[in-house]
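**Q** The structure that follows is given in the form of structure tokens.
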Amino acid sequence: MADKDYYQLLGVDRKATKEEIKKAYKKLAMKFHPDRAPEDKKKEYEEKFKEISVAASVLGDDKKRSQYDQFGNAAFSDAGGGSASGFEGYDFSDIMSQFRSGSFGNFDDVFDQLFGGNGQSRRGSRSARGSDLLQEIEITLEDVAKGKKELLQLNKLEHCPACQGRGATKFDSCQHCHGSGYLKRTQRTAFGLFQQTGPCPYCQGRGELPQDSCSSCGGEGVLRKKKKLEVQIPPGVEAGMRLRLAQEGEVGSGGGPAGDLYIHILVKEHPVFTRRGDDIEITVPISFTQAVLGDDIEVPTISGQAQLKIPAGTSSETIFRMRGQGLPSLHDSGKGDQMVKVRIEVPSKLTKKQIELIKELHEENPSKNFFARWFG
Ligand SMILES: [Zn+2]
Ligand SMILES: [Zn+2]
């Protein structure tokens, strides 16, 4: 054992991920389980099973793995007394008994135990909700006004189609509970022995046991797959909002419910419009004569163009409200307004004739001392 390479034993690359190591180990553990050994090869299978279990226990633990990568087998041979069976902290008979009788369903328990998991047995409650996913979508203010269909490209865990998420293709009735999924157990308590009926720990109450391991997913029942999903972003969404698409996250394990998909909305800054709630603000330049004489002007809106009447004698910075030209409300059928601030542009270049005319205007209407009434 001491001179065998753990990576070679498991048949994995030195850069293999934990998942790959787990998969490789599972495959080998099923193949070399002593219970499956032909009569004349029992010893050989048992030795092999111990070897791969030790290898997996080292490579499956980040700390031990890095020690192993640095120092090789020397990092562990002392602690383990130099022999595989003496490897500290691992009771192989227990690991083997958990694999016994083709009951590979609780592999995760065994693996957690071997890889220094938290030690909590998940037997009987192995179904878990899938993970939630978060996806960011950046949209424009025009998209906010109209709503948008967005095609998302997701890469998420899905049920393996080859085994319909069951992790195996062949199942046999569980011989522990005779297919019922329930088992009577005798429990020893301070008050004596009790008979208790509970879900069968060998088949997790399913009544059947896998007889092989699905080759597509390595028995995990799930695969990471690319998936397209069309999402309808409702009109009126606000930046920073999160839309929740129930059950569009990753699939759960052991028949657990899928997680949710959250869409985080980002809204691009608009070059012309500013959003304030459901209202839209815009500043529009007008000429001095338009301000003085009044005019009908075309103003851009989020959905096109609209007419705005500038009354005669309009001051700069006056704000006009264009009703219903804002954004749709997310909460009701109402719409916001567009607030138009006009700014009088003072021309910097004038023709001779224009200068003459303005001078004339000035003579007609000489500037008064505005502060005269306070400062006399
Ligand atoms: Zn059972
Ligand atoms: Zn599969």
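Each chain of the structure tokens is named A, B, ... in the order shown, its residues numbered from 1; ligands are numbered from 1 in display order.
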Give me the residues near region 169-177 of chain A as a PyMOL selection string, where near means some atom within 10 Å (using only C-alpha atoms) and where sequence neighbours in that chain fewer than 2 positions away do not count.

**A** chain A and resi 101-103+162-167+179-184+199-203+205-215+219

**Q** Can you spit out the residues from that selection as a short mmCIF file (atom, residue, chain, number, x, y, z; two decimals), in the first residue's frame, using C-alpha atoms?

**A**
```
data_model
loop_
_atom_site.label_atom_id
_atom_site.label_comp_id
_atom_site.auth_asym_id
_atom_site.auth_seq_id
_atom_site.Cartn_x
_atom_site.Cartn_y
_atom_site.Cartn_z
CA SER A 101 -26.00 -6.43 0.25
CA GLY A 102 -26.04 -4.15 -2.73
CA SER A 103 -27.32 -1.31 -0.60
CA ALA A 162 -30.82 8.30 -18.53
CA CYS A 163 -32.03 7.14 -15.11
CA GLN A 164 -34.80 9.71 -14.53
CA GLY A 165 -32.83 11.00 -11.60
CA ARG A 166 -32.83 7.68 -9.78
CA GLY A 167 -29.08 7.11 -10.03
CA GLY A 179 -40.29 -3.93 -0.53
CA SER A 180 -42.56 -2.27 2.01
CA GLY A 181 -40.20 0.60 2.73
CA TYR A 182 -40.81 0.14 6.48
CA LEU A 183 -38.85 -1.75 9.03
CA LYS A 184 -39.56 -2.78 12.58
CA PRO A 199 -38.68 4.01 7.27
CA CYS A 200 -36.31 1.29 6.15
CA PRO A 201 -32.77 2.67 6.53
CA TYR A 202 -31.42 0.50 3.73
CA CYS A 203 -33.69 1.81 1.01
CA GLY A 205 -38.25 3.96 2.64
CA ARG A 206 -38.35 3.45 -1.10
CA GLY A 207 -38.81 -0.28 -0.93
CA GLU A 208 -36.25 -0.95 -3.60
CA LEU A 209 -32.53 -0.84 -3.98
CA PRO A 210 -30.38 0.13 -6.94
CA GLN A 211 -28.50 -2.76 -8.46
CA ASP A 212 -26.15 -0.74 -10.57
CA SER A 213 -24.94 2.79 -10.96
CA CYS A 214 -26.16 4.92 -13.86
CA SER A 215 -23.26 5.42 -16.23
CA GLY A 219 -25.18 7.27 -9.76
#
```

**Q** I want to know what sits within 7 Å of Asn155 (chain A), based on only C-alpha atoms, with residues of the same chain fewer than 2 positions away left out; could you give that as a ChimeraX atom specification?

**A** /A:153,224-227

**Q** Can you pull out the residues contacting Thr314 (chain A)? Cut-off 9 Å, using only C-alpha atoms, and skip same-chain residues under 5 positions away; I want them as an mmCIF file with C-alpha atoms, in the first residue's frame.

**A**
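What follows is the written file result_33.cif:
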```cif
data_model
loop_
_atom_site.group_PDB
_atom_site.id
_atom_site.type_symbol
_atom_site.label_atom_id
_atom_site.label_comp_id
_atom_site.auth_asym_id
_atom_site.auth_seq_id
_atom_site.Cartn_x
_atom_site.Cartn_y
_atom_site.Cartn_z
ATOM 1 C CA GLN A 290 -40.131 80.470 -27.976
ATOM 2 C CA ALA A 291 -40.109 81.360 -24.300
ATOM 3 C CA VAL A 292 -41.290 84.893 -24.939
ATOM 4 C CA LEU A 293 -43.851 84.251 -27.658
ATOM 5 C CA GLY A 294 -44.902 80.707 -26.774
ATOM 6 C CA VAL A 342 -37.468 73.834 -20.152
#
```

**Q** So how far away is CA of Gly252 (chain A) from CA of Lys156 (chain A), in Å?

**A**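 If I compute the distance from CA of Lys156 (chain A) to CA of Gly252 (chain A), I get 11.5 Å.
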
**Q** From the options A:Gln187, A:Asn365, A:Ser216, A:Gln204, which residue's atoms come nearest to ligand 2, counting only C-alpha atoms and all ligand atoms?

**A** A:Ser216

**Q** Which of these residues is nearest to Gln325 (chain A), using only C-alpha atoms: A:Leu59, A:Leu357, A:Ala128, A:Ile280?

**A**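 Ranked by minimum distance to Gln325 (chain A), first place goes to A:Ile280.
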
**Q** Would you mind telling me which residue in A:Ala55, A:Leu10, A:Ile319, A:Leu28 lies nearest to Gly72 (chain A) when using only C-alpha atoms?

**A** A:Ala55

**Q** Between CA of Gly249 (chain A) and CA of Leu229 (chain A), what is the distance, to one decimal in Å?

**A**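 Distance reported for this atom pair: 11.2 Å.
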
**Q** With only C-alpha atoms as the counted atoms, please give the residues lying no more than 7 Å from Ile265 (chain A), apart from itself and same-chain residues fewer than 5 positions off, as a PyMOL selection string.

**A** chain A and resi 136-138+239-242

**Q** With all heavy atoms retained, export the selected residues as a short mmCIF file (atom, residue, chain, number, x, y, z; two decimals), in the first residue's frame.

**A**
```cif
data_model
loop_
_atom_site.label_atom_id
_atom_site.label_comp_id
_atom_site.auth_asym_id
_atom_site.auth_seq_id
_atom_site.Cartn_x
_atom_site.Cartn_y
_atom_site.Cartn_z
N GLU A 136 -28.39 37.79 -13.13
CA GLU A 136 -28.58 39.23 -13.31
C GLU A 136 -29.04 39.50 -14.74
O GLU A 136 -28.55 38.89 -15.67
CB GLU A 136 -27.26 39.97 -13.09
CG GLU A 136 -26.94 40.21 -11.64
CD GLU A 136 -25.73 41.09 -11.43
OE1 GLU A 136 -25.01 41.34 -12.42
OE2 GLU A 136 -25.52 41.51 -10.29
N ILE A 137 -29.97 40.44 -14.88
CA ILE A 137 -30.39 40.86 -16.22
C ILE A 137 -30.35 42.38 -16.26
O ILE A 137 -30.93 43.05 -15.40
CB ILE A 137 -31.81 40.37 -16.56
CG1 ILE A 137 -31.85 38.85 -16.61
CG2 ILE A 137 -32.26 40.94 -17.89
CD1 ILE A 137 -33.18 38.28 -17.04
N GLU A 138 -29.66 42.93 -17.25
CA GLU A 138 -29.63 44.38 -17.39
C GLU A 138 -30.55 44.77 -18.53
O GLU A 138 -30.44 44.25 -19.64
CB GLU A 138 -28.21 44.88 -17.67
CG GLU A 138 -28.12 46.39 -17.52
CD GLU A 138 -26.70 46.92 -17.68
OE1 GLU A 138 -26.00 46.48 -18.61
OE2 GLU A 138 -26.30 47.76 -16.89
N ALA A 239 -35.05 48.96 -10.74
CA ALA A 239 -33.69 48.48 -10.59
C ALA A 239 -33.51 47.92 -9.19
O ALA A 239 -34.02 48.47 -8.23
CB ALA A 239 -32.70 49.62 -10.83
N GLY A 240 -32.81 46.80 -9.10
CA GLY A 240 -32.55 46.19 -7.80
C GLY A 240 -33.61 45.20 -7.38
O GLY A 240 -33.47 44.50 -6.39
N MET A 241 -34.71 45.12 -8.16
CA MET A 241 -35.76 44.15 -7.82
C MET A 241 -35.29 42.73 -8.11
O MET A 241 -34.48 42.49 -8.99
CB MET A 241 -36.99 44.41 -8.69
CG MET A 241 -37.99 45.29 -8.03
SD MET A 241 -39.44 45.42 -9.08
CE MET A 241 -40.46 46.36 -7.99
N ARG A 242 -35.85 41.82 -7.36
CA ARG A 242 -35.57 40.41 -7.63
C ARG A 242 -36.87 39.70 -7.97
O ARG A 242 -37.81 39.69 -7.18
CB ARG A 242 -34.95 39.74 -6.40
CG ARG A 242 -33.49 39.96 -6.35
CD ARG A 242 -32.84 39.10 -5.32
NE ARG A 242 -31.44 39.43 -5.25
CZ ARG A 242 -30.58 38.83 -4.45
NH1 ARG A 242 -30.98 37.86 -3.66
NH2 ARG A 242 -29.32 39.19 -4.43
#
```

**Q** Using only C-alpha atoms, can you tell me which of A:Ala16, A:Ile344, A:Ala24, A:Met30 comes closest to Thr283 (chain A)?

**A**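 Ranked by minimum distance to Thr283 (chain A), first place goes to A:Ile344.
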
**Q** To one decimal place, how far is CA of Arg65 (chain A) from CA of Glu47 (chain A) in Å?

**A** 21.6 Å

**Q** Pick out the closest residue to ligand 2 from this set: A:His331, A:His159, A:Lys341, A:Lys15. Count only C-alpha atoms and all ligand atoms.

**A** A:His159

**Q** Taking only C-alpha atoms into account, name the residue in A:Asp279, A:Glu20, A:Glu248, A:Asp337 that is nearest to Gly60 (chain A).

**A**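 Answer, going by the shortest atom-to-atom distance: A:Glu20.
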